[in-house]
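Working notes for the structure below.
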There are 2 protein chains.
Amino acid sequence: MVRYAQVIHIRPERLAVYRQLHMAVWPAVLAKIRECNMCNYTIFLQGDHTLWAYFEYVGDDFEADMAKMAADPMTQEWWAICSPMQKPVAEAVPGENWHNLKKLVPIQA
Amino acid sequence: MVRYAQVIHIRPERLAVYRQLHMAVWPAVLAKIRECNMCNYTIFLQGDHTLWAYFEYVGDDFEADMAKMAADPMTQEWWAICSPMQKPVAEAVPGENWHNLKKLVPIQA
């Protein structure tokens, strides 16, 4: 199991709607997350402007699973609604929406 | 078990030293963390300026355990070294160093 953390900005004026969406995530989206070996996905909020996500990856090919998720039509519909409410952080690389964080110390659990 | 996330800024010019400290956290500090019912403590880094911590709390009185940690002399020595390298985020309340984040959706795991 590998712990992941990701960060992205949320547009403050869209936060209320973004939260409503996440209080009732579509079953197909949740199913795809599980199918792609992501567990205990939890989103935290800093102020009204930044989202921090934590999850545990239990598969053995993270890139392949993320590609599988990105190819899922219903997940694409979900992202089409959510993405305009978000804004990548300055550190995001081209093509990255949520920015993957590195561990401060590589040997941490 | 309750998942916690916290955020704080790191002074970029102190990051290298801060990382060295965390590659060899003092045994007394680690022991106190465990004694205070914090598990799987992991720190992630955004760019060279922000630290994001995740941990799981398995006790039944978070405030009391945090007070116990804060009263520990060796933990105080550790913080005396680390704290000047950090800078609380704008959302931190008075007396807060690492800022506790709320979950976007209360019902999340």
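Here, A, B, ... name the chains of the structure tokens in the order displayed, residue numbers run from 1 inside each chain, and ligands are numbered from 1 in the same displayed order.
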
| task | Return as a ChimeraX atom specification the residues belonging to chain A that are within 7 Å of chain B, counting only C-alpha atoms. | result | /A:19,22-23,40,42-47,91,101-105,108-109

Kindly export the residues of the current selection with all heavy atoms, as a CSV table (one decimal), in the first residue's frame.
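Once everything was written out, this is result.csv:
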chain,number,residue,atom,x,y,z
A,19,ARG,N,-19.0,21.0,-2.9
A,19,ARG,CA,-19.3,20.2,-1.7
A,19,ARG,C,-20.6,19.3,-1.9
A,19,ARG,O,-20.6,18.2,-1.5
A,19,ARG,CB,-19.4,21.0,-0.5
A,19,ARG,CG,-19.7,20.2,0.8
A,19,ARG,CD,-19.8,21.1,2.0
A,19,ARG,NE,-18.5,21.4,2.6
A,19,ARG,CZ,-18.1,22.7,2.9
A,19,ARG,NH1,-18.8,23.7,2.5
A,19,ARG,NH2,-16.9,22.9,3.4
A,22,HIS,N,-19.9,16.3,-3.9
A,22,HIS,CA,-19.1,15.3,-3.1
A,22,HIS,C,-19.8,14.7,-1.9
A,22,HIS,O,-19.3,13.8,-1.3
A,22,HIS,CB,-17.7,15.9,-2.7
A,22,HIS,CG,-16.8,16.0,-3.9
A,22,HIS,ND1,-16.9,17.0,-4.9
A,22,HIS,CD2,-15.8,15.2,-4.4
A,22,HIS,CE1,-16.0,16.8,-5.8
A,22,HIS,NE2,-15.3,15.8,-5.5
A,23,MET,N,-20.9,15.3,-1.6
A,23,MET,CA,-21.8,14.6,-0.6
A,23,MET,C,-22.6,13.5,-1.2
A,23,MET,O,-23.3,12.8,-0.5
A,23,MET,CB,-22.7,15.7,0.1
A,23,MET,CG,-21.9,16.6,1.0
A,23,MET,SD,-22.9,17.8,1.9
A,23,MET,CE,-23.5,16.8,3.3
A,40,ASN,N,-9.8,4.6,0.7
A,40,ASN,CA,-9.8,5.6,1.7
A,40,ASN,C,-9.5,7.0,1.2
A,40,ASN,O,-8.8,7.8,1.8
A,40,ASN,CB,-8.8,5.2,2.8
A,40,ASN,CG,-9.2,3.9,3.5
A,40,ASN,OD1,-10.3,3.7,3.8
A,40,ASN,ND2,-8.2,3.1,3.8
A,42,THR,N,-10.0,10.6,0.8
A,42,THR,CA,-10.5,11.6,1.7
A,42,THR,C,-10.1,13.0,1.2
A,42,THR,O,-8.9,13.2,0.9
A,42,THR,CB,-10.0,11.4,3.1
A,42,THR,OG1,-10.2,10.0,3.5
A,42,THR,CG2,-10.8,12.3,4.1
A,43,ILE,N,-11.0,13.9,1.1
A,43,ILE,CA,-10.6,15.3,0.7
A,43,ILE,C,-10.8,16.2,1.9
A,43,ILE,O,-11.8,16.2,2.6
A,43,ILE,CB,-11.5,15.8,-0.4
A,43,ILE,CG1,-11.4,14.9,-1.6
A,43,ILE,CG2,-11.2,17.2,-0.8
A,43,ILE,CD1,-12.2,15.3,-2.8
A,44,PHE,N,-9.7,17.0,2.2
A,44,PHE,CA,-9.7,18.0,3.2
A,44,PHE,C,-9.7,19.4,2.6
A,44,PHE,O,-9.3,19.6,1.5
A,44,PHE,CB,-8.5,17.9,4.1
A,44,PHE,CG,-8.4,16.6,4.9
A,44,PHE,CD1,-7.8,15.4,4.3
A,44,PHE,CD2,-8.9,16.5,6.2
A,44,PHE,CE1,-7.8,14.2,5.0
A,44,PHE,CE2,-8.8,15.3,6.9
A,44,PHE,CZ,-8.2,14.2,6.3
A,45,LEU,N,-10.2,20.4,3.3
A,45,LEU,CA,-10.4,21.7,2.8
A,45,LEU,C,-9.5,22.7,3.7
A,45,LEU,O,-9.7,22.7,4.9
A,45,LEU,CB,-11.9,22.1,2.9
A,45,LEU,CG,-12.2,23.6,2.5
A,45,LEU,CD1,-12.0,23.8,1.0
A,45,LEU,CD2,-13.7,23.8,2.9
A,46,GLN,N,-8.7,23.5,3.0
A,46,GLN,CA,-8.0,24.6,3.7
A,46,GLN,C,-8.7,25.9,3.3
A,46,GLN,O,-8.7,26.3,2.1
A,46,GLN,CB,-6.6,24.6,3.2
A,46,GLN,CG,-5.8,25.8,3.9
A,46,GLN,CD,-4.3,25.9,3.4
A,46,GLN,OE1,-3.9,25.1,2.5
A,46,GLN,NE2,-3.6,26.9,3.9
A,47,GLY,N,-9.2,26.6,4.3
A,47,GLY,CA,-10.0,27.8,4.1
A,47,GLY,C,-11.1,27.6,3.1
A,47,GLY,O,-11.8,26.6,3.3
A,91,GLU,N,2.6,24.4,-8.9
A,91,GLU,CA,3.5,23.4,-9.1
A,91,GLU,C,3.0,22.3,-10.0
A,91,GLU,O,3.8,21.4,-10.4
A,91,GLU,CB,3.9,22.7,-7.7
A,91,GLU,CG,4.7,23.6,-6.8
A,91,GLU,CD,3.8,24.6,-6.0
A,91,GLU,OE1,2.6,24.4,-6.1
A,91,GLU,OE2,4.4,25.5,-5.4
A,101,LEU,N,1.8,15.1,-4.6
A,101,LEU,CA,2.9,15.6,-3.7
A,101,LEU,C,3.9,14.5,-3.4
A,101,LEU,O,3.5,13.3,-3.4
A,101,LEU,CB,2.3,16.1,-2.3
A,101,LEU,CG,1.2,17.2,-2.4
A,101,LEU,CD1,0.7,17.5,-1.1
A,101,LEU,CD2,1.9,18.4,-3.1
A,102,LYS,N,5.1,14.9,-3.2
A,102,LYS,CA,6.1,13.9,-2.8
A,102,LYS,C,6.2,13.9,-1.3
A,102,LYS,O,5.9,14.9,-0.6
A,102,LYS,CB,7.5,14.4,-3.4
A,102,LYS,CG,7.6,14.2,-4.9
A,102,LYS,CD,9.0,14.5,-5.4
A,102,LYS,CE,9.2,14.0,-6.8
A,102,LYS,NZ,8.2,14.5,-7.7
A,103,LYS,N,6.7,12.8,-0.7
A,103,LYS,CA,6.9,12.7,0.7
A,103,LYS,C,8.1,13.5,1.1
A,103,LYS,O,9.1,13.5,0.3
A,103,LYS,CB,7.0,11.3,1.1
A,103,LYS,CG,5.7,10.5,1.1
A,103,LYS,CD,5.9,9.0,1.4
A,103,LYS,CE,4.6,8.3,1.3
A,103,LYS,NZ,4.7,6.8,1.4
A,104,LEU,N,8.0,14.2,2.2
A,104,LEU,CA,9.2,14.9,2.7
A,104,LEU,C,10.4,14.0,2.9
A,104,LEU,O,11.5,14.3,2.5
A,104,LEU,CB,8.8,15.6,4.1
A,104,LEU,CG,10.0,16.3,4.8
A,104,LEU,CD1,10.4,17.5,4.0
A,104,LEU,CD2,9.6,16.7,6.2
A,105,VAL,N,10.1,12.8,3.4
A,105,VAL,CA,11.2,11.8,3.7
A,105,VAL,C,10.8,10.6,3.0
A,105,VAL,O,9.7,10.0,3.3
A,105,VAL,CB,11.3,11.6,5.2
A,105,VAL,CG1,12.3,10.5,5.5
A,105,VAL,CG2,11.7,12.9,5.9
A,108,GLN,N,9.3,7.3,4.7
A,108,GLN,CA,8.1,7.2,5.5
A,108,GLN,C,7.1,6.2,5.0
A,108,GLN,O,7.1,5.8,3.8
A,108,GLN,CB,7.4,8.6,5.5
A,108,GLN,CG,8.0,9.6,6.3
A,108,GLN,CD,7.4,11.0,6.2
A,108,GLN,OE1,7.0,11.4,5.1
A,108,GLN,NE2,7.2,11.7,7.3
A,109,ALA,N,6.3,5.7,5.9
A,109,ALA,CA,5.3,4.6,5.6
A,109,ALA,C,4.4,5.1,4.4
A,109,ALA,O,4.1,6.3,4.3
A,109,ALA,CB,4.4,4.3,6.8

Moved coordinates, chain A onto chain B, all Cα atoms, as an mmCIF file with C-alpha atoms, in the first residue's frame:
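Contents of selection00.cif, as written:
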data_model
loop_
_atom_site.group_PDB
_atom_site.id
_atom_site.type_symbol
_atom_site.label_atom_id
_atom_site.label_comp_id
_atom_site.auth_asym_id
_atom_site.auth_seq_id
_atom_site.Cartn_x
_atom_site.Cartn_y
_atom_site.Cartn_z
ATOM 1 C CA MET A 1 -9.874 5.758 13.884
ATOM 2 C CA VAL A 2 -10.101 9.345 12.671
ATOM 3 C CA ARG A 3 -8.048 10.693 9.772
ATOM 4 C CA TYR A 4 -6.413 14.075 10.319
ATOM 5 C CA ALA A 5 -4.695 16.430 7.903
ATOM 6 C CA GLN A 6 -2.680 19.501 8.819
ATOM 7 C CA VAL A 7 -0.850 22.153 6.849
ATOM 8 C CA ILE A 8 1.980 24.571 7.567
ATOM 9 C CA HIS A 9 4.486 26.526 5.527
ATOM 10 C CA ILE A 10 8.166 25.648 5.572
ATOM 11 C CA ARG A 11 10.720 28.384 5.061
ATOM 12 C CA PRO A 12 12.339 27.348 1.754
ATOM 13 C CA GLU A 13 15.831 28.226 2.921
ATOM 14 C CA ARG A 14 15.397 25.870 5.909
ATOM 15 C CA LEU A 15 13.901 22.947 3.994
ATOM 16 C CA ALA A 16 17.157 21.014 3.611
ATOM 17 C CA VAL A 17 17.810 21.072 7.348
ATOM 18 C CA TYR A 18 14.177 20.327 8.179
ATOM 19 C CA ARG A 19 14.355 17.259 5.951
ATOM 20 C CA GLN A 20 17.556 16.026 7.618
ATOM 21 C CA LEU A 21 15.871 16.285 11.001
ATOM 22 C CA HIS A 22 12.925 14.252 9.731
ATOM 23 C CA MET A 23 15.088 11.554 8.199
ATOM 24 C CA ALA A 24 16.186 10.822 11.768
ATOM 25 C CA VAL A 25 13.383 11.825 14.107
ATOM 26 C CA TRP A 26 14.452 11.475 17.730
ATOM 27 C CA PRO A 27 13.283 8.193 19.295
ATOM 28 C CA ALA A 28 11.700 10.024 22.238
ATOM 29 C CA VAL A 29 9.602 12.115 19.847
ATOM 30 C CA LEU A 30 8.438 9.052 17.919
ATOM 31 C CA ALA A 31 7.625 7.260 21.171
ATOM 32 C CA LYS A 32 5.522 10.184 22.392
ATOM 33 C CA ILE A 33 3.636 10.297 19.081
ATOM 34 C CA ARG A 34 2.735 6.635 19.481
ATOM 35 C CA GLU A 35 1.866 7.117 23.147
ATOM 36 C CA CYS A 36 -0.497 9.912 22.120
ATOM 37 C CA ASN A 37 -2.365 7.562 19.767
ATOM 38 C CA MET A 38 -1.164 8.995 16.473
ATOM 39 C CA CYS A 39 -0.442 6.429 13.742
ATOM 40 C CA ASN A 40 0.904 6.479 10.207
ATOM 41 C CA TYR A 41 2.126 10.042 10.474
ATOM 42 C CA THR A 42 3.288 11.073 7.018
ATOM 43 C CA ILE A 43 4.486 14.470 5.811
ATOM 44 C CA PHE A 44 4.165 15.532 2.168
ATOM 45 C CA LEU A 45 5.857 18.504 0.529
ATOM 46 C CA GLN A 46 4.336 20.974 -1.927
ATOM 47 C CA GLY A 47 7.060 22.753 -3.886
ATOM 48 C CA ASP A 48 9.586 24.060 -1.364
ATOM 49 C CA HIS A 49 7.125 26.025 0.750
ATOM 50 C CA THR A 50 4.280 23.965 2.204
ATOM 51 C CA LEU A 51 4.088 20.807 4.323
ATOM 52 C CA TRP A 52 0.983 18.622 4.456
ATOM 53 C CA ALA A 53 0.738 16.087 7.265
ATOM 54 C CA TYR A 54 -1.543 13.071 7.446
ATOM 55 C CA PHE A 55 -2.074 10.860 10.463
ATOM 56 C CA GLU A 56 -4.637 8.581 12.031
ATOM 57 C CA TYR A 57 -5.812 9.131 15.575
ATOM 58 C CA VAL A 58 -6.793 5.956 17.403
ATOM 59 C CA GLY A 59 -7.410 7.316 20.901
ATOM 60 C CA ASP A 60 -10.629 8.608 22.411
ATOM 61 C CA ASP A 61 -9.611 12.096 23.592
ATOM 62 C CA PHE A 62 -7.698 14.004 20.945
ATOM 63 C CA GLU A 63 -7.434 17.248 22.908
ATOM 64 C CA ALA A 64 -6.071 15.469 25.975
ATOM 65 C CA ASP A 65 -3.519 13.533 23.928
ATOM 66 C CA MET A 66 -2.348 16.677 22.158
ATOM 67 C CA ALA A 67 -1.978 18.397 25.531
ATOM 68 C CA LYS A 68 0.050 15.437 26.758
ATOM 69 C CA MET A 69 2.339 15.708 23.762
ATOM 70 C CA ALA A 70 2.754 19.456 24.241
ATOM 71 C CA ALA A 71 3.764 18.870 27.867
ATOM 72 C CA ASP A 72 6.547 16.444 26.969
ATOM 73 C CA PRO A 73 9.976 18.050 27.552
ATOM 74 C CA MET A 74 11.767 16.275 24.691
ATOM 75 C CA THR A 75 8.957 17.062 22.264
ATOM 76 C CA GLN A 76 9.256 20.694 23.344
ATOM 77 C CA GLU A 77 12.989 20.569 22.521
ATOM 78 C CA TRP A 78 12.181 19.119 19.096
ATOM 79 C CA TRP A 79 9.594 21.811 18.409
ATOM 80 C CA ALA A 80 12.032 24.515 19.546
ATOM 81 C CA ILE A 81 14.291 23.444 16.679
ATOM 82 C CA CYS A 82 11.599 22.840 14.075
ATOM 83 C CA SER A 83 9.149 25.667 14.702
ATOM 84 C CA PRO A 84 11.417 28.539 13.590
ATOM 85 C CA MET A 85 11.760 26.744 10.233
ATOM 86 C CA GLN A 86 7.993 26.795 9.801
ATOM 87 C CA LYS A 87 5.407 29.515 9.329
ATOM 88 C CA PRO A 88 1.705 28.936 10.111
ATOM 89 C CA VAL A 89 -0.732 29.317 7.228
ATOM 90 C CA ALA A 90 -3.084 32.288 7.116
ATOM 91 C CA GLU A 91 -5.974 30.153 8.401
ATOM 92 C CA ALA A 92 -4.173 29.081 11.591
ATOM 93 C CA VAL A 93 -5.969 30.195 14.724
ATOM 94 C CA PRO A 94 -4.054 31.777 17.627
ATOM 95 C CA GLY A 95 -1.966 29.122 19.351
ATOM 96 C CA GLU A 96 -2.114 26.798 16.350
ATOM 97 C CA ASN A 97 1.148 25.880 14.666
ATOM 98 C CA TRP A 98 0.193 23.139 12.233
ATOM 99 C CA HIS A 99 -3.325 24.082 11.047
ATOM 100 C CA ASN A 100 -5.934 21.327 11.377
ATOM 101 C CA LEU A 101 -7.949 20.901 8.198
ATOM 102 C CA LYS A 102 -11.628 20.009 8.082
ATOM 103 C CA LYS A 103 -12.956 17.340 5.779
ATOM 104 C CA LEU A 104 -14.729 18.646 2.698
ATOM 105 C CA VAL A 105 -17.556 16.219 3.399
ATOM 106 C CA PRO A 106 -18.158 15.324 7.057
ATOM 107 C CA ILE A 107 -19.294 11.785 6.353
ATOM 108 C CA GLN A 108 -16.052 10.718 4.693
ATOM 109 C CA ALA A 109 -14.112 7.880 6.273
#

| request: Going by DSSP on the backbone, which bits of range 37-82 of chain A are strand (DSSP E or B)? Write them as number ranges by chain, please. | output: A: 38-46, 50-57

| request: Among the residues of range 3-58 of chain B, find those DSSP assigns to alpha helix (DSSP H) from the backbone and print them as a VMD selection string. | output: chain B and resid 15 to 22 27 to 35
